[in-house]
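To start, the structure under review is shown below, and the notes come after it.
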Amino acid sequence: MQLDSKVPAGSVPEKWTNFKKKQQLINPANKRKYTVIVVGTGLAGASAAASLAELGYNVQAFCFHDSPRRAHSIAAQGGINAAKNYRNDGDSVWRLFYDTIKGGDFRAREANVHRLAEVSVNIIDQCVAQGVPFAREYGGLLDTRSFGGAQLQRTFYCRGQTGQQLLLGAYQALARQIAAGNVKMFPRTEMLDLVTVDGRAKGIVVRNLISGEVKSYAADAVVLATGGYSNAFYLSTNAIGCNVTATWRAYKRGAAFANPCYTQIHPTCIPVVGDHQSKLTLMSESLRNDGRVWAPKNKADCGKHPSEIAEADRDYYLERKYPSFGNLAPRDISSRAAKEACDDGRGVGPGGRGVYLDFGAAIAKQGKAKIVEKYGNLFDMYQRITGENGYERPMRIYPALHYTMGGLWVNYELMSNVPGLFVIGEANFSDHGANRLGASALMQGLADGYFVLPYTLTHWLAGETPGTLPTTHADFKRTESEVTDRLNKLLAAKGKKTAVEYHREAGKLLWENVGMARTKKSCEEAAKALRQLQAEFLHNLTVPGSGTELNMALERANRVWDFLEFGQLLAMDAAQRDESCGGHFRSEYQYPDGEAKRDDEKFSHVAAWTFNGPDATPSRNVEELTWDAVKPSVRSYK
């Protein structure tokens, strides 16, 4: 398959301007003739739905929550990047662009990343106008702080709840359009398939989670804003409901899935304490502004209270290994460094799977009141979960699955290889390469929804005749029937294991074999084991209840089935990328000091997989990455 990125002509800084100069337009009176479906109402989806409705399109928005306010975007705590240079510390659009390219280990498309850096400056103004309560300095100016992978302070924040406040801003914009009648909202409704007609996206099939009704909706374009797939690993920082279903079903209808092996491990999570856990909790990366990360130098000290370990016996390993960035080294590097300390037998807490995040020095210098002002709700959360006071005793942290850089392949216009199917936010692959820098997820979600998609979707629709197909069309009915048959298969299974048990087993397979460190052999073994687990799934699964009622067991089973299939593609992608880059660390490819070793000659490309049938091997398609503005180099934060 040919993957046409549709990157505009001109130098990298000129491409977005050149696109807008030549963008096709639609008369405002004619926009009312087009219907757009938006699936997902987190930051990317809510901002897109609100913006498209403001332009005049008829928008139908779907989410499986009872309200868009419950989207997982609220969990992004630490901040949002923007190249506004309020600190006068040398920031610029170019520097944010370069930091993002380097942070992704030179595995992202230059043009998309530069556009992201360009529009970042508008996001803050948009959100301030909405009333988002960003932190401010004494004089009233917006405050900023540092995040990993940058040597300046470009991260705007709302204490420790930035994602929640930004989502409320997007939600109020969406609610305004709902009240105006421009957006029709479908809560508690889950997309279960994409409807394609002659290879083009024409609608979706959904299930009403309250009544169980399966129904189709038609549109001139479909936008997926359904987030990432970290929950394939079972334990992650994502909400339990987060899943891969929407993008995976689109993949099985022809959309290419790009770089599924690029999964991010966040270094600042509360460690696992037992098999009873269903998810993990993220302690914001913002804490590493003032907290110092360390592990005991001596294995014999691991069981001691941290206050009993002398300063000379503490290994501040990030400051030691990466003096230029210290505790704000990027997430993939910081995570592997923590694993290295624990693998060396110097981990703390249950099972020796933890390191310390210590605020002792910061409290002594700034006073407890200042730390409470900046991070108080995060300390409260930590104490509620662990029973420990982070002001008096260092927090215990350990890496966990957090974000996924892979996703459906999109061109520069955010459209997949399926005409009419657009993908935004974490659901696409486009902006972060092999590793995402902290505070860039919120930036991408809002950039796509507010400032990119309204241009690119209009440009595409201008060449399309408006008018949706009737949902009585044969392809709609066929897709509906396939969805119903699938649900009936799940309900017909009369085995002994729940979907949660299968999910936990599959997640453990992925974590142990395709987690922080992976080898070709471990990836191949994981794929084989997942195939065997999938074969058992329908024979030994139990799903109580029926399909014509609220049935969370059925919801979970349906999503786990997709995770079992998707996990095989993730492992296959990791096995075939014979290099280490960003969050993809193949143990066979590392420098003597343990840093990731890329192979630019063979793997400076996007790997986009296409579905060939349930029993056929998917095809690996390649989009070569070109370098006009930067030159890939050894990624060093020392």
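Numbering starts fresh at 1 for the residues of each chain in the structure tokens, the chains themselves are lettered A, B, ... in the order given, and ligands are numbered from 1 as they appear.
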DSSP-assigned helix (DSSP H, G or I) among region 244-491 of chain A, expressed as an NGL selection string: :A and (245-251 or 285-289 or 299-301 or 306-308 or 311-313 or 317-321 or 326-328 or 331-346 or 350-352 or 360-366 or 368-386 or 425-427 or 441-461 or 474-491)
Write out as a compact mmCIF listing (two decimals) with all heavy atoms, in the first residue's frame the residues lying within 9 Å of Gln130 (chain A), counting only C-alpha atoms and excluding same-chain residues fewer than 2 positions away.
```
# COMPACT_ATOMS: atom_id res chain seq x y z
N ASP A 125 -4.11 30.98 24.87
CA ASP A 125 -5.02 32.11 24.76
C ASP A 125 -6.48 31.64 24.68
O ASP A 125 -7.37 32.24 25.29
CB ASP A 125 -4.68 32.95 23.53
CG ASP A 125 -3.29 33.56 23.60
OD1 ASP A 125 -2.77 33.69 24.73
OD2 ASP A 125 -2.72 33.88 22.54
N GLN A 126 -6.71 30.57 23.92
CA GLN A 126 -8.05 30.01 23.81
C GLN A 126 -8.57 29.59 25.17
O GLN A 126 -9.71 29.90 25.55
CB GLN A 126 -8.01 28.80 22.86
CG GLN A 126 -9.25 27.92 22.87
CD GLN A 126 -10.30 28.37 21.88
OE1 GLN A 126 -10.09 29.33 21.15
NE2 GLN A 126 -11.43 27.68 21.87
N CYS A 127 -7.74 28.89 25.93
CA CYS A 127 -8.18 28.35 27.22
C CYS A 127 -8.35 29.45 28.26
O CYS A 127 -9.26 29.39 29.10
CB CYS A 127 -7.20 27.28 27.69
SG CYS A 127 -7.15 25.82 26.60
N VAL A 128 -7.49 30.45 28.25
CA VAL A 128 -7.64 31.58 29.17
C VAL A 128 -8.97 32.29 28.89
O VAL A 128 -9.71 32.67 29.80
CB VAL A 128 -6.46 32.56 29.04
CG1 VAL A 128 -6.75 33.87 29.77
CG2 VAL A 128 -5.19 31.93 29.61
N VAL A 132 -10.18 28.99 31.93
CA VAL A 132 -9.37 27.95 32.57
C VAL A 132 -8.44 28.62 33.59
O VAL A 132 -7.70 29.55 33.25
CB VAL A 132 -8.55 27.18 31.52
CG1 VAL A 132 -7.58 26.23 32.20
CG2 VAL A 132 -9.49 26.40 30.59
N GLY A 169 -13.12 23.42 30.20
CA GLY A 169 -13.19 24.48 29.20
C GLY A 169 -13.74 23.97 27.87
O GLY A 169 -14.61 24.60 27.25
N ALA A 170 -13.23 22.82 27.42
CA ALA A 170 -13.72 22.24 26.17
C ALA A 170 -15.18 21.80 26.31
O ALA A 170 -15.99 21.95 25.38
CB ALA A 170 -12.85 21.05 25.76
N GLN A 172 -17.50 23.11 28.24
CA GLN A 172 -18.46 24.22 28.21
C GLN A 172 -18.65 24.72 26.77
O GLN A 172 -19.76 25.13 26.39
CB GLN A 172 -18.01 25.36 29.12
CG GLN A 172 -16.80 26.14 28.66
CD GLN A 172 -16.46 27.27 29.63
OE1 GLN A 172 -16.99 27.35 30.73
NE2 GLN A 172 -15.56 28.15 29.22
N ALA A 173 -17.58 24.67 25.95
CA ALA A 173 -17.73 25.03 24.55
C ALA A 173 -18.65 24.03 23.84
O ALA A 173 -19.50 24.42 23.01
CB ALA A 173 -16.37 25.07 23.87
```
Using 10 Å as the limit and counting only C-alpha atoms, can you tabulate each residue of region 69-144 of chain A that touches region 280-292 of chain A, with its shortest atom-to-atom distance in Å and the two atoms involved, as a Markdown table?
```
| residue | atom | partner | partner_atom | distance |
| --- | --- | --- | --- | --- |
| A:Ala75 | CA | A:Leu282 | CA | 8.3 |
| A:Ala76 | CA | A:Ser284 | CA | 7.8 |
| A:Gln77 | CA | A:Ser284 | CA | 5.9 |
| A:Gly78 | CA | A:Ser286 | CA | 5.1 |
| A:Gly79 | CA | A:Ser286 | CA | 7.6 |
```
Could you turn the residues from that selection into a file that holds C-alpha atoms, as a PDB file, in the first residue's frame?
```pdb
ATOM      1  CA  ALA A  75      -6.254  12.466  34.595  1.00  0.00           C
ATOM      2  CA  ALA A  76      -3.523  14.498  32.854  1.00  0.00           C
ATOM      3  CA  GLN A  77      -2.442  16.461  35.889  1.00  0.00           C
ATOM      4  CA  GLY A  78       0.842  18.233  35.341  1.00  0.00           C
ATOM      5  CA  GLY A  79       0.416  20.791  32.575  1.00  0.00           C
TER       6      GLY A  79
END
```
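Using only C-alpha atoms, the protein and nucleic acid residues lying no more than 10 Å from Glu595 (chain A), apart from those fewer than 6 places from it along its own chain, are Ile333, Arg336, Ala337, Ser580, Cys581, Gly582, Phe585, Ser587, Tyr589, Val634, Arg635 and Ser636 of chain A.
Using only C-alpha atoms for every distance, the candidate list A:Ala434, A:Met516, A:Leu491, A:Val223 yields A:Met516 as the residue closest to Ser335 (chain A).
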Close residues, region 50-57 of chain A itself excluded, 12 Å, only C-alpha atoms, min 3 positions apart in chain, as number ranges by chain: A: 25-38, 41-47, 60-61, 126, 169-185, 219-221, 223, 446-458, 461, 466
Can you write just those residues out, C-alpha atoms, as a PDB file, in the first residue's frame?
```
ATOM      1  CA  LEU A  25     -13.489  26.407   1.636  1.00  0.00           C
ATOM      2  CA  ILE A  26     -17.200  25.764   2.021  1.00  0.00           C
ATOM      3  CA  ASN A  27     -19.868  28.444   1.978  1.00  0.00           C
ATOM      4  CA  PRO A  28     -21.289  28.869   5.527  1.00  0.00           C
ATOM      5  CA  ALA A  29     -24.792  28.162   4.234  1.00  0.00           C
ATOM      6  CA  ASN A  30     -23.591  24.892   2.707  1.00  0.00           C
ATOM      7  CA  LYS A  31     -21.839  23.643   5.857  1.00  0.00           C
ATOM      8  CA  ARG A  32     -25.260  22.909   7.339  1.00  0.00           C
ATOM      9  CA  LYS A  33     -25.686  20.243   4.666  1.00  0.00           C
ATOM     10  CA  TYR A  34     -22.795  18.146   6.055  1.00  0.00           C
ATOM     11  CA  THR A  35     -23.002  15.781   9.018  1.00  0.00           C
ATOM     12  CA  VAL A  36     -19.903  14.845  11.006  1.00  0.00           C
ATOM     13  CA  ILE A  37     -19.714  12.081  13.621  1.00  0.00           C
ATOM     14  CA  VAL A  38     -17.217  12.575  16.466  1.00  0.00           C
ATOM     15  CA  THR A  41     -15.485  13.520  23.954  1.00  0.00           C
ATOM     16  CA  GLY A  42     -12.222  13.934  25.817  1.00  0.00           C
ATOM     17  CA  LEU A  43     -10.040  16.931  25.090  1.00  0.00           C
ATOM     18  CA  ALA A  44      -9.552  16.126  21.406  1.00  0.00           C
ATOM     19  CA  GLY A  45     -13.137  15.041  20.754  1.00  0.00           C
ATOM     20  CA  ALA A  46     -14.902  17.752  22.758  1.00  0.00           C
ATOM     21  CA  SER A  47     -12.794  20.546  21.269  1.00  0.00           C
ATOM     22  CA  GLN A  60     -23.201  13.992  16.333  1.00  0.00           C
ATOM     23  CA  ALA A  61     -20.968  13.261  19.340  1.00  0.00           C
ATOM     24  CA  GLN A 126      -8.048  30.012  23.807  1.00  0.00           C
ATOM     25  CA  GLY A 169     -13.185  24.481  29.196  1.00  0.00           C
ATOM     26  CA  ALA A 170     -13.724  22.238  26.165  1.00  0.00           C
ATOM     27  CA  TYR A 171     -16.885  20.805  27.716  1.00  0.00           C
ATOM     28  CA  GLN A 172     -18.456  24.219  28.206  1.00  0.00           C
ATOM     29  CA  ALA A 173     -17.732  25.025  24.545  1.00  0.00           C
ATOM     30  CA  LEU A 174     -19.353  21.709  23.615  1.00  0.00           C
ATOM     31  CA  ALA A 175     -22.313  22.280  25.947  1.00  0.00           C
ATOM     32  CA  ARG A 176     -22.929  25.658  24.313  1.00  0.00           C
ATOM     33  CA  GLN A 177     -23.224  23.985  20.926  1.00  0.00           C
ATOM     34  CA  ILE A 178     -25.454  21.236  22.329  1.00  0.00           C
ATOM     35  CA  ALA A 179     -27.787  23.899  23.719  1.00  0.00           C
ATOM     36  CA  ALA A 180     -27.748  25.711  20.368  1.00  0.00           C
ATOM     37  CA  GLY A 181     -28.833  22.509  18.634  1.00  0.00           C
ATOM     38  CA  ASN A 182     -25.660  22.210  16.561  1.00  0.00           C
ATOM     39  CA  VAL A 183     -24.371  19.107  18.388  1.00  0.00           C
ATOM     40  CA  LYS A 184     -26.498  16.088  19.212  1.00  0.00           C
ATOM     41  CA  MET A 185     -24.917  14.261  22.145  1.00  0.00           C
ATOM     42  CA  ALA A 219     -22.375  10.871   8.285  1.00  0.00           C
ATOM     43  CA  ASP A 220     -20.304  12.565   5.605  1.00  0.00           C
ATOM     44  CA  ALA A 221     -17.183  12.096   7.748  1.00  0.00           C
ATOM     45  CA  VAL A 223     -13.769  11.510  13.478  1.00  0.00           C
ATOM     46  CA  LEU A 446      -6.411  20.581  21.844  1.00  0.00           C
ATOM     47  CA  ALA A 447      -4.258  21.455  18.828  1.00  0.00           C
ATOM     48  CA  ASP A 448      -5.988  18.772  16.755  1.00  0.00           C
ATOM     49  CA  GLY A 449      -9.483  19.663  17.940  1.00  0.00           C
ATOM     50  CA  TYR A 450      -9.380  23.458  18.008  1.00  0.00           C
ATOM     51  CA  PHE A 451      -6.799  24.453  15.419  1.00  0.00           C
ATOM     52  CA  VAL A 452      -6.057  21.682  12.899  1.00  0.00           C
ATOM     53  CA  LEU A 453      -9.099  19.519  12.177  1.00  0.00           C
ATOM     54  CA  PRO A 454     -11.457  22.463  11.463  1.00  0.00           C
ATOM     55  CA  TYR A 455      -9.151  23.407   8.550  1.00  0.00           C
ATOM     56  CA  THR A 456      -8.312  19.952   7.229  1.00  0.00           C
ATOM     57  CA  LEU A 457     -11.807  18.459   7.516  1.00  0.00           C
ATOM     58  CA  THR A 458     -13.277  21.456   5.708  1.00  0.00           C
ATOM     59  CA  LEU A 461     -15.422  17.983   2.667  1.00  0.00           C
ATOM     60  CA  PRO A 466     -23.073  16.486   1.023  1.00  0.00           C
TER      61      PRO A 466
END
```
